[in-house]
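Taking it in order: structure first as structure tokens, then the write-up.
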Amino acid sequence: MAGAGAEEAVVGESFEFAFDKEAFSDKKLRVEVVGSDDAASRKRRREDDKSDEGECVDSSSIVMAAPILRVTTMHINSAILAAKSPFFFKLFSNGMKESDKGQATLRIADSEENAFMELLYFMYSGKLTPTTEPTHLVDILMAADKFEVISCIKLCGQLLTSLPMTPESAVLCLDLPYSISMAPALAVAAKKFFAERYKDFLSTKLQDELMRIPLAGILAILSRNDLGVLPEEAVYDFVLRWADSQYPNPEEKRKILSSQLLPLVPLVRSRVRTIVLD
């Protein structure tokens, strides 16, 4: 289980004793937390932006423009953070104004706050707080990618792989940006899970559950199962019913069907081949 793994796995040398301790710190880190859309921030790719004055680093222009909800100030050791993260190395070595003042400022979304604090703790201790919650691990993984903490990316990937896969965690794995080093391997595992769990996806007992699966999961089911041995009309009807339940907007539904779903349906492929031959 991930809980046991997170407790036992210590990556590198531990400086946990120095975490947020003034006696072992040379700077302060001001963390400005702003409001944001949780779903959008979960999918946001890492961007290393710096203001013209070099006084604040944040992940997007949306975060920069949002109102500040709260501020947390922590004692940090710049050498420890710079050793674990190229992001912090650049932050502390670019001659920024706040470096001269002994303070650096980061602006993050409120949906990133818990994961960022966990990541900061990891950079000191080399370990994560034990958890079996995939969503929390994915949040930390995204934060580790954003702040370039490779060792944490690897640990989160290992812990996610060790957890029993669920439809919810599989969707999270499929939604990870492929720029993250562990994303391809996690996506393969998620697609395999969907294909095996829903190999009898035409079964009536699975329909309610399947209608709640997002597009990435349905694509995995359709692309990895041998649809040629199933009733073609039934597969076609299933795809239409799923699209009706997920996309009330007709134009959006038409686009998803034509570009992604219907090309996977044997009945549609056979009709296309017939048209081409004719």
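Ligands are numbered from 1 in the order shown, residues from 1 within each chain, and chains are lettered A, B, ... in the order they appear in the structure tokens.
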
Inset, instruction - Determine which residues of range 67-243 of chain A receive a DSSP assignment of helix (DSSP H, G or I), computed from the backbone, and state them as a PyMOL selection string. - result: chain A and resi 78-84+86-93+97-100+110-125+134-146+150-162+167-174+183-197+204-210+215-224+227-229+232-243

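Closest approach to Arg30 in chain A among A:Thr105, A:Asp200, A:Ile256, A:Leu262 is made by A:Thr105 (distances from only C-alpha atoms).
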
Legend entry - Counting only C-alpha atoms, the residue of A:Ala187, A:Met74, A:Ala66, A:Met182 that sits nearest Phe24 in chain A: A:Met74
